[in-house]
file input_6.cif (mmCIF, C-alpha atoms)
data_structure
loop_
_atom_site.group_PDB
_atom_site.id
_atom_site.type_symbol
_atom_site.label_atom_id
_atom_site.label_comp_id
_atom_site.auth_asym_id
_atom_site.auth_seq_id
_atom_site.Cartn_x
_atom_site.Cartn_y
_atom_site.Cartn_z
ATOM 1 C CA MET A 1374 65.932 321.379 90.193
ATOM 2 C CA ASP A 1375 65.140 322.209 86.574
ATOM 3 C CA PRO A 1376 63.463 325.533 85.716
ATOM 4 C CA ILE A 1377 59.780 325.631 86.638
ATOM 5 C CA PRO A 1378 57.358 327.002 83.982
ATOM 6 C CA ASN A 1379 55.466 330.134 85.025
ATOM 7 C CA GLY A 1380 52.366 329.295 87.014
ATOM 8 C CA LEU A 1381 53.326 325.670 87.666
ATOM 9 C CA SER A 1382 54.039 326.104 91.354
ATOM 10 C CA ASP A 1383 51.038 328.371 92.021
ATOM 11 C CA GLY A 1384 48.808 325.633 93.472
ATOM 12 C CA VAL A 1385 49.278 324.017 96.871
ATOM 13 C CA GLN A 1386 49.307 320.465 95.500
ATOM 14 C CA ALA A 1387 51.637 321.422 92.641
ATOM 15 C CA SER A 1388 54.098 322.982 95.106
ATOM 16 C CA ARG A 1389 53.992 319.838 97.240
ATOM 17 C CA ALA A 1390 54.472 317.659 94.150
ATOM 18 C CA LEU A 1391 57.507 319.714 93.071
ATOM 19 C CA ALA A 1392 59.003 319.342 96.561
ATOM 20 C CA LEU A 1393 58.397 315.573 96.475
ATOM 21 C CA LEU A 1394 59.984 315.320 93.017
ATOM 22 C CA ASP A 1395 63.047 317.240 94.126
ATOM 23 C CA GLU A 1396 63.517 315.070 97.215
ATOM 24 C CA ALA A 1397 62.691 311.736 95.572
ATOM 25 C CA TYR A 1398 64.855 312.144 92.474
ATOM 26 C CA ARG A 1399 67.744 313.507 94.558
ATOM 27 C CA THR A 1400 67.733 311.043 97.460
ATOM 28 C CA ARG A 1401 65.524 308.074 96.499
ATOM 29 C CA PRO A 1402 66.198 307.215 92.847
ATOM 30 C CA ARG A 1403 65.323 303.793 91.516
ATOM 31 C CA ARG A 1404 66.618 304.662 88.045
ATOM 32 C CA PRO A 1405 69.905 306.543 88.455
ATOM 33 C CA GLY A 1406 70.414 309.458 86.108
ATOM 34 C CA ARG A 1407 66.729 310.373 85.888
ATOM 35 C CA THR A 1408 65.760 313.899 86.897
ATOM 36 C CA PRO A 1409 62.486 315.772 87.386
ATOM 37 C CA ARG A 1410 63.068 317.632 84.087
ATOM 38 C CA HIS A 1411 60.743 315.402 82.018
ATOM 39 C CA PRO A 1412 57.839 315.413 84.541
ATOM 40 C CA ILE A 1413 58.140 319.203 84.784
ATOM 41 C CA GLU A 1414 57.968 319.472 80.978
ATOM 42 C CA VAL A 1415 54.860 317.242 80.942
ATOM 43 C CA ALA A 1416 53.201 319.379 83.617
ATOM 44 C CA GLY A 1417 54.080 322.515 81.644
ATOM 45 C CA LEU A 1418 52.278 321.154 78.573
ATOM 46 C CA LEU A 1419 49.223 320.297 80.683
ATOM 47 C CA LEU A 1420 49.270 323.751 82.260
ATOM 48 C CA ALA A 1421 49.465 325.337 78.793
ATOM 49 C CA ASP A 1422 46.381 323.308 77.803
ATOM 50 C CA GLY A 1423 44.456 324.793 80.748
ATOM 51 C CA GLN A 1424 44.184 321.490 82.598
ATOM 52 C CA PRO A 1425 43.100 321.685 86.251
ATOM 53 C CA GLU A 1426 45.668 321.419 89.029
ATOM 54 C CA THR A 1427 44.861 317.752 89.728
ATOM 55 C CA VAL A 1428 45.829 316.827 86.153
ATOM 56 C CA VAL A 1429 48.943 319.017 86.216
ATOM 57 C CA VAL A 1430 49.997 317.377 89.493
ATOM 58 C CA ALA A 1431 49.417 313.914 88.011
ATOM 59 C CA GLY A 1432 51.685 315.038 85.159
ATOM 60 C CA LEU A 1433 54.357 316.037 87.653
ATOM 61 C CA LEU A 1434 54.105 312.707 89.441
ATOM 62 C CA HIS A 1435 53.468 310.381 86.480
ATOM 63 C CA ASP A 1436 56.937 308.734 86.569
ATOM 64 C CA VAL A 1437 57.612 308.867 90.291
ATOM 65 C CA LEU A 1438 56.568 305.249 90.984
ATOM 66 C CA GLU A 1439 58.822 303.922 88.216
ATOM 67 C CA ASP A 1440 61.807 306.254 88.734
ATOM 68 C CA THR A 1441 62.009 306.517 92.532
ATOM 69 C CA ASP A 1442 61.140 304.508 95.617
ATOM 70 C CA VAL A 1443 58.065 306.638 96.357
ATOM 71 C CA THR A 1444 55.241 304.213 97.165
ATOM 72 C CA PRO A 1445 51.597 304.218 96.089
ATOM 73 C CA ASP A 1446 50.631 304.687 99.755
ATOM 74 C CA GLU A 1447 52.750 307.855 99.930
ATOM 75 C CA LEU A 1448 50.949 309.209 96.879
ATOM 76 C CA VAL A 1449 47.518 308.463 98.344
ATOM 77 C CA SER A 1450 48.367 310.060 101.691
ATOM 78 C CA GLY A 1451 50.052 313.088 100.095
ATOM 79 C CA PHE A 1452 47.814 313.731 97.095
ATOM 80 C CA GLY A 1453 44.581 311.778 97.517
ATOM 81 C CA SER A 1454 43.035 308.920 95.614
ATOM 82 C CA ARG A 1455 42.212 310.839 92.408
ATOM 83 C CA ILE A 1456 45.782 311.939 91.657
ATOM 84 C CA SER A 1457 47.334 308.713 92.909
ATOM 85 C CA GLY A 1458 44.853 306.751 90.773
ATOM 86 C CA MET A 1459 45.936 308.645 87.660
ATOM 87 C CA VAL A 1460 49.611 308.093 88.485
ATOM 88 C CA HIS A 1461 49.000 304.398 89.080
ATOM 89 C CA ALA A 1462 47.190 304.115 85.722
ATOM 90 C CA LEU A 1463 50.211 305.760 84.048
ATOM 91 C CA THR A 1464 52.647 303.280 85.621
ATOM 92 C CA GLU A 1465 53.777 300.199 83.710
ATOM 93 C CA ASP A 1466 53.286 296.737 85.160
ATOM 94 C CA PRO A 1467 56.847 295.551 85.862
ATOM 95 C CA SER A 1468 55.742 291.909 85.862
ATOM 96 C CA ILE A 1469 55.214 292.081 82.064
ATOM 97 C CA SER A 1470 58.719 291.799 80.652
ATOM 98 C CA ALA A 1471 58.052 291.853 76.898
ATOM 99 C CA TYR A 1472 57.853 295.379 75.456
ATOM 100 C CA ARG A 1473 54.762 295.165 73.217
ATOM 101 C CA PRO A 1474 52.514 293.310 75.723
ATOM 102 C CA ARG A 1475 53.659 295.658 78.519
ATOM 103 C CA LYS A 1476 52.853 298.745 76.423
ATOM 104 C CA ALA A 1477 49.497 297.282 75.314
ATOM 105 C CA ALA A 1478 48.581 296.660 78.964
ATOM 106 C CA LEU A 1479 49.623 300.221 79.824
ATOM 107 C CA ARG A 1480 47.462 301.661 77.032
ATOM 108 C CA ARG A 1481 44.457 299.643 78.255
ATOM 109 C CA GLN A 1482 44.805 300.830 81.843
ATOM 110 C CA ILE A 1483 45.255 304.453 80.736
ATOM 111 C CA MET A 1484 42.201 304.375 78.451
ATOM 112 C CA GLU A 1485 40.089 302.714 81.151
ATOM 113 C CA SER A 1486 41.112 305.286 83.752
ATOM 114 C CA SER A 1487 39.833 308.721 82.655
ATOM 115 C CA PRO A 1488 40.125 311.374 79.943
ATOM 116 C CA GLU A 1489 42.395 313.304 82.330
ATOM 117 C CA THR A 1490 44.783 310.348 82.570
ATOM 118 C CA VAL A 1491 44.812 310.162 78.782
ATOM 119 C CA ALA A 1492 45.721 313.879 78.662
ATOM 120 C CA VAL A 1493 48.742 313.189 80.883
ATOM 121 C CA SER A 1494 49.762 310.238 78.707
ATOM 122 C CA LEU A 1495 49.592 312.337 75.525
ATOM 123 C CA ALA A 1496 51.603 315.139 77.162
ATOM 124 C CA ASP A 1497 54.167 312.563 78.333
ATOM 125 C CA LYS A 1498 54.697 311.258 74.818
ATOM 126 C CA THR A 1499 54.771 314.743 73.321
ATOM 127 C CA ALA A 1500 57.399 315.921 75.814
ATOM 128 C CA LYS A 1501 59.591 312.915 75.018
ATOM 129 C CA LEU A 1502 59.342 313.536 71.282
ATOM 130 C CA LEU A 1503 60.030 317.264 71.637
ATOM 131 C CA ALA A 1504 63.154 316.495 73.679
ATOM 132 C CA ALA A 1505 64.437 313.792 71.303
ATOM 133 C CA ASP A 1506 67.554 314.634 69.359
ATOM 134 C CA GLN A 1507 67.401 311.489 67.252
ATOM 135 C CA ARG A 1508 64.649 309.356 65.782
ATOM 136 C CA PRO A 1509 63.028 307.184 68.473
ATOM 137 C CA ARG A 1510 62.930 303.432 67.938
ATOM 138 C CA ALA A 1511 60.190 302.207 65.615
ATOM 139 C CA ARG A 1512 58.435 300.263 68.363
ATOM 140 C CA LYS A 1513 58.252 303.388 70.551
ATOM 141 C CA LEU A 1514 56.720 305.411 67.713
ATOM 142 C CA GLU A 1515 54.301 302.535 67.113
ATOM 143 C CA HIS A 1516 53.255 302.652 70.797
ATOM 144 C CA TYR A 1517 52.828 306.436 70.669
ATOM 145 C CA ARG A 1518 50.671 306.235 67.526
ATOM 146 C CA ALA A 1519 48.566 303.417 69.014
ATOM 147 C CA THR A 1520 48.001 305.492 72.159
ATOM 148 C CA LEU A 1521 47.049 308.546 70.104
ATOM 149 C CA ASP A 1522 44.688 306.564 67.854
ATOM 150 C CA GLU A 1523 42.923 304.957 70.820
ATOM 151 C CA ALA A 1524 42.677 308.281 72.679
ATOM 152 C CA GLU A 1525 41.067 310.023 69.702
ATOM 153 C CA ARG A 1526 38.752 307.089 69.027
ATOM 154 C CA ARG A 1527 37.499 307.192 72.624
ATOM 155 C CA PHE A 1528 37.593 310.898 73.422
ATOM 156 C CA GLY A 1529 37.951 312.767 70.133
ATOM 157 C CA PRO A 1530 40.625 315.278 69.188
ATOM 158 C CA THR A 1531 42.040 317.481 71.946
ATOM 159 C CA PRO A 1532 44.762 320.117 72.147
ATOM 160 C CA GLY A 1533 47.009 317.375 73.556
ATOM 161 C CA SER A 1534 46.304 314.993 70.682
ATOM 162 C CA ASP A 1535 46.872 317.781 68.147
ATOM 163 C CA ARG A 1536 50.238 318.518 69.749
ATOM 164 C CA LEU A 1537 51.210 314.831 69.700
ATOM 165 C CA HIS A 1538 50.253 314.586 66.005
ATOM 166 C CA ALA A 1539 52.626 317.490 65.289
ATOM 167 C CA ALA A 1540 55.440 315.945 67.358
ATOM 168 C CA LEU A 1541 55.017 312.581 65.610
ATOM 169 C CA ALA A 1542 55.066 314.267 62.187
ATOM 170 C CA ARG A 1543 58.645 315.319 62.902
ATOM 171 C CA TRP A 1544 59.639 311.629 62.818
ATOM 172 C CA SER A 1545 57.422 310.463 59.947
#

call {"tool": "encode", "arguments": {"input": "input_6.cif", "output": "structure tokens"}}
result
Amino acid sequence: MDPIPNGLSDGVQASRALALLDEAYRTRPRRPGRTPRHPIEVAGLLLADGQPETVVVAGLLHDVLEDTDVTPDELVSGFGSRISGMVHALTEDPSISAYRPRKAALRRQIMESSPETVAVSLADKTAKLLAADQRPRARKLEHYRATLDEAERRFGPTPGSDRLHAALARWS
């Protein structure tokens, strides 16, 4: 497993989420080649922002439904309805095949979920941009900016939105 940021595995739920990530990405991948590195980076950003353990755990698990064969029922039974609800809100609807409508639907469900879900979404996008070694596609940057604009319109500026602004500026 990838290095764990200091303090990330301190909580009971975070430790269980890390164990689930390790097992699921190793033995139950839906998208071969994916690793827990990105979710761990997202959780590290949330931890650095002082987010509560439930939000950090949602950050750890935010891709698990898309990347592995972990089911929504497993998330509910293992982590409760609050965390599983955030993860579900951060999961794309696979029945929408076109990129822009799928991303618009994802933004709507994230914004309608909770400010904590929005914090995970902003950390997700920031982590991807910080890890990028080449300019992301224009449509991805457009989606990231639309998410950021909607988040700030609804909830105001946050440490997470400030960080995403800085990461986007790298590609402007």

call {"tool": "closest_residue", "arguments": {"input": "input_6.cif", "among": "A:Pro1530, A:Leu1463, A:Arg1389, A:Pro1509", "to": "Met1484 of chain A", "atoms": "all atoms listed in the file"}}
result
A:Leu1463

call {"tool": "resolve_selection", "arguments": {"input": "input_6.cif", "expression": "the PyMOL selection byres ((chain A and resi 1516) around 12)", "output": "list in words"}}
result
Tyr1472, Arg1473, Pro1474, Arg1475, Lys1476, Ala1477, Ala1478, Leu1479, Arg1480, Arg1481, Ser1494, Leu1495, Lys1498, Pro1509, Arg1510, Ala1511, Arg1512, Lys1513, Leu1514, Glu1515, Tyr1517, Arg1518, Ala1519, Thr1520, Leu1521, Asp1522, Glu1523 and Leu1541 of chain A

call {"tool": "closest_residue", "arguments": {"input": "input_6.cif", "among": "A:Thr1441, A:Ser1388, A:Ser1470, A:Gln1482", "to": "Arg1401 of chain A", "atoms": "all atoms listed in the file"}}
result
A:Thr1441

call {"tool": "atom_distance", "arguments": {"input": "input_6.cif", "atom1": "atom CA of Arg1403 of chain A", "atom2": "atom CA of Asp1436 of chain A"}}
result
10.9 Å

call {"tool": "closest_residue", "arguments": {"input": "input_6.cif", "among": "A:Leu1393, A:Ala1539, A:Ala1524, A:Val1415", "to": "Ala1500 of chain A", "atoms": "all atoms listed in the file"}}
result
A:Val1415

call {"tool": "closest_residue", "arguments": {"input": "input_6.cif", "among": "A:Asp1535, A:Thr1400, A:Ala1540, A:Arg1455", "to": "Ala1505 of chain A", "atoms": "only C-alpha atoms"}}
result
A:Ala1540

call {"tool": "closest_residue", "arguments": {"input": "input_6.cif", "among": "A:Pro1467, A:Arg1508, A:Thr1427, A:Val1385", "to": "Ser1545 of chain A", "atoms": "all atoms listed in the file"}}
result
A:Arg1508

call {"tool": "closest_residue", "arguments": {"input": "input_6.cif", "among": "A:Val1493, A:Leu1391, A:Leu1420, A:Leu1537", "to": "Thr1408 of chain A", "atoms": "all atoms listed in the file"}}
result
A:Leu1391

call {"tool": "atom_distance", "arguments": {"input": "input_6.cif", "atom1": "atom CA of Asp1466 of chain A", "atom2": "atom CA of Thr1444 of chain A"}}
result
14.3 Å

call {"tool": "atom_distance", "arguments": {"input": "input_6.cif", "atom1": "atom CA of Ser1487 of chain A", "atom2": "atom CA of Met1459 of chain A"}}
result
7.9 Å

call {"tool": "axis_aligned_box", "arguments": {"input": "input_6.cif", "around": "segment 1483-1488 of chain A", "padding_each_side": "3 Å", "output": "lines of an AutoDock Vina configuration file"}}
result
center_x = 42.5
center_y = 307.0
center_z = 81.1
size_x = 11.4
size_y = 14.7
size_z = 11.3

call {"tool": "residues_near_point", "arguments": {"input": "input_6.cif", "point": "(51.4, 319.8, 73.9)", "cutoff": "8 Å", "atoms": "all atoms listed in the file", "output": "mmCIF file with C-alpha atoms, keeping the file's coordinate frame"}}
result
data_model
loop_
_atom_site.group_PDB
_atom_site.id
_atom_site.type_symbol
_atom_site.label_atom_id
_atom_site.label_comp_id
_atom_site.auth_asym_id
_atom_site.auth_seq_id
_atom_site.Cartn_x
_atom_site.Cartn_y
_atom_site.Cartn_z
ATOM 1 C CA LEU A 1418 52.278 321.154 78.573
ATOM 2 C CA LEU A 1419 49.223 320.297 80.683
ATOM 3 C CA ALA A 1421 49.465 325.337 78.793
ATOM 4 C CA ASP A 1422 46.381 323.308 77.803
ATOM 5 C CA LEU A 1495 49.592 312.337 75.525
ATOM 6 C CA ALA A 1496 51.603 315.139 77.162
ATOM 7 C CA THR A 1499 54.771 314.743 73.321
ATOM 8 C CA ALA A 1500 57.399 315.921 75.814
ATOM 9 C CA PRO A 1532 44.762 320.117 72.147
ATOM 10 C CA GLY A 1533 47.009 317.375 73.556
ATOM 11 C CA SER A 1534 46.304 314.993 70.682
ATOM 12 C CA ASP A 1535 46.872 317.781 68.147
ATOM 13 C CA ARG A 1536 50.238 318.518 69.749
ATOM 14 C CA LEU A 1537 51.210 314.831 69.700
#

call {"tool": "residues_near_point", "arguments": {"input": "input_6.cif", "point": "(59.4, 314.5, 81.8)", "cutoff": "9 Å", "atoms": "all atoms listed in the file", "output": "list in words"}}
result
Thr1408, Pro1409, Arg1410, His1411, Pro1412, Ile1413, Glu1414, Val1415, Ala1416, Gly1432, Leu1433, His1435, Asp1436, Asp1497, Ala1500 and Lys1501 of chain A
